[in-house]
Structure formats: C-alpha cells, structure tokens
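One structure is given here, and the rest of the page talks about it.
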Amino acid sequence: MAGKESAMVAAMATINPSYAKLQAGYLFPEVGKRVRAFAAAHPSARIIRLGIGDVVLPLPPPIVEALKAAAEEMGHRETFRGYDDRGRGYDFLIEPIVAHLRSQGAEVAEDEVFVSDGSKCDTANIQEIFAVDNVVAVTDPVYPVYVDTNVMAGRTGAMAADGRYGKLVYLPTTAENGFDPALPGGRVDLIYLCSPNNPTGAVMSRVALEKWVAYAREHGSIILFDAAYEAFISEPDYPHTIFAIPGARQVAIEFRSFSKTAGFTGTRCAYTVIPKELCARDASGAEVALHGLWHRRHTTKFNGVSYPVQRAAAAVFSPAGSQAVHANLDYYMENARIIRAGLAGAGYRVYGGVNAPYIWLKLPAGVGSWQFFDRLLAEAHVVGTPGAGFGACGEGYLRLSAFGFRENIEEAVERIKTKLPG
C-alpha cells in the first residue's frame, strides 16, 4: 500500500516553482482583508475608503446611451454581432483612439492599436512575448503587477529581506531625486515606466522621457510605458504620450485605459499601442517585429471586448462624451486638491495630486506604512494603501486616492487632521 501511495504522489502534476517566490498575498486583497476584519469587529464604524483606486461617479449619460443602444442592437437579427473577427477592435473605436493620440503629438497607425479589457491585463501579459532571461528594470515604488508577473514568469530570483527580488533592477524613485529615477548603471532589456505614476502621483517631464528614450535606443532596450492616468495631466508642459518623443516608436510600447479616465472600472476597456517598427532579437540574433508577436498572442488568448462596451468606449470621444468625462475628471482632481491642501495644512509632507488622482503622503519619522495604515483605520476609520506594498522605497509613505464622493473626501481629511495630525 505504501508503495502504491508513493507512486501516486510521484505521478502528481507539478506547479510552476516561480509562484512560490511571490509574497503571501497581492497588496490590495491584503488591504481588503484587514478592512473586513476591522469592520466585523466594529460594525458601527463608518469606514471611508481612499485605498484602492476605484471610481465612484457613474458612467456619463452619453456613454450609457451608447451602451444601451448597442445592447439593443444585440437583440435583433439584423444588427447582432458575434466575435470581432479581427480580434483587436472595431474601426468605430480605433479611429477616434488614433485621432486622440495624434492630437497629443503621437504618430500612430490604426493597425498599431489593440483594444483589450484592461491595461492591468496588458501590462501583465506583455512580458509573455519576451524571453525569460531578459533583465527587467522597475521603478521603486512600483505598481505591483509589473513585478509579480515577471516573478511568475521566472525572470527573478527569490525575495530578499527588504522585499526586493533578485535579478530585478530597482530604480529608486523618491522625493530625494524629485521622483525622477536615475538611469540604470548598466544595460537592461525591459523598462517599466508609469506616468502619471501609480502610486506617487508624479508625472514625467519631456526631458525625463527624452532621457529614457535615448537610453533605450543606445542599449537596445524596450520601454513598457503605462499611461493609464494620462487624462489627469493638467499642466501643459507634460507629455501625455511617450510617442510625442522623437525616436520613441523604435523603443516603446504604450498602455492606456478607459477605467479611470471614463469610469470603466466595472465595464472594462483599454488599448495598447505597438509600433510596427519596434523590434527585438530572436535566439539567432535576427530582428523580430514585436507588433506581429503581440497580434498573435492577443488573438490566440483573447476574443475581444464586447461590441456594446466598444460602442460605449467610442462615445468617450464624442463631443458630449468628452465634455462629460472631463467633468468627472475635474471632480476627482478637486478631491485631490482638497486632500493635498488639507493634509499639508495639518503638517504632513504630500506629493502628487496635481496631475494624478493619487496623493503620496510622507509619514512621521519612524512610523511604518502598515503601522500607519492600521492606526488610520482604527482611529480615523479611513482606508489608505501602505506604501510598503509598492516596494522598499514606498516604506514610510501612504497612498490616498481621490476617487470618492466629495462629502466623504472632506470628512476623511477632517478625521485625519483631528485624529492623526502630522
């Protein structure tokens, strides 16, 4: 019997060992776990959530009308739609996307745009088209998806005591360097950049982007540029797209989303831009266009965003849709101003909140970010996101989101000022 049991165990399927390198839980589920435990223990507490960056305002009427009209089409034989046979999006959506990008200084062709169900998915999945031995650089602090998906793929070593993974190149992005990370000391293959940045709220200048494009061109690197929050940039001197920088088409991929821009967090629509001249090398040293590889991956693993959702996304670019969307953006950025001004007035050092919906709050000396998270929840009944969850350089900070109703934002600021003055 013992021999039979041993044989059964020996024949069992094995897991991807790289998953064992991951920290115990993804950041935001851990935040949710702690909040649920507190709420269960304190049922009368009115918790204000400024942690996860989820929108609260409803979809604007022009977008809802487009969604409803498209859903009605799906109920009639003459107008029913099945699969998007190209797999990368309908022309009625791709055409205004391209016009929008061109208005921001990017030269983009229509067949270089791939519509998807989220930039989180795209920034996670893009690493699949690259070899496992590529050296990856990330800013620190960093959006966790960039790191965790490369851990899963096997590009990293184990996690060290400071929370960093071996083989990854970390680029400190802190108040001390003006949130403008220095170039890597040596060569790297893949570079994740996010502007406006999640979590710090900092935005990259034209000079900074030119520096990175020049580095990538010199070293044959690929920049994976997450512009999910570009619509929040209000100051005119900051580029909205990396493709406004000369030479970027040879070295960059850009990711964009309707989630925060137009309230699609529950509707799901995004797009990725891959220029046709962007290349990497295969095992023999020959150049291979990444556009074709992503097209193959995209159409193999994804059947496209639903027709009604794509119609709703297209309405974002209509005159009425654009006006309504920008009204929502203005609402959230006024929230950000209230948080930033209120906490600065309470004695805290604050960053972000000008061109992004996130405020990066510097904590008092000696206070850990999870420690402050717990105190904030227990004493003020407000939820933020601990900076340590975004990397070693995030320790000592807390991210607050401007995605909330105005009355809750104002009350949360007053609670923090009263209960935990800086």
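Labeling convention for the structure tokens: chains A, B, ... as they appear, residues from 1 per chain, ligands from 1 in order of appearance.
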Enumerate the residues of segment 227-400 of chain A with a DSSP assignment of helix (DSSP H, G or I), computed from the backbone, and present them as a count of residues only.
80
Close residues, segment 172-177 of chain A itself excluded, 8 Å, only C-alpha atoms, min 4 positions apart in chain, as a VMD selection string
chain A and resid 139 to 141 181 to 182 393
Using only C-alpha atoms, find each residue in segment 175-286 of chain A having at least one atom no more than 12 Å away from segment 327-346 of chain A; report its shortest atom-to-atom pair and that distance in Å (one decimal), rows by chain then rising number, as CSV.
```
residue,atom,partner,partner_atom,distance
A:Gly201,CA,A:Ala336,CA,10.3
A:Tyr229,CA,A:Leu329,CA,10.5
A:Glu230,CA,A:Leu329,CA,11.1
A:Ala231,CA,A:Leu329,CA,7.9
A:Phe232,CA,A:Leu329,CA,6.7
A:Ile233,CA,A:Met333,CA,9.9
A:Ser234,CA,A:Met333,CA,9.5
A:Phe258,CA,A:Leu329,CA,11.9
A:Ser259,CA,A:Leu329,CA,11.7
A:Lys260,CA,A:Leu329,CA,8.5
A:Thr261,CA,A:Leu329,CA,7.0
A:Ala262,CA,A:Asn328,CA,7.9
A:Gly263,CA,A:Asn328,CA,8.6
```
Which value, in Å to one decimal, gives the distance between atom CA of Pro58 of chain A and atom CA of Pro196 of chain A?
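Answer for the atom CA of Pro58 of chain A to atom CA of Pro196 of chain A separation: 23.2 Å.
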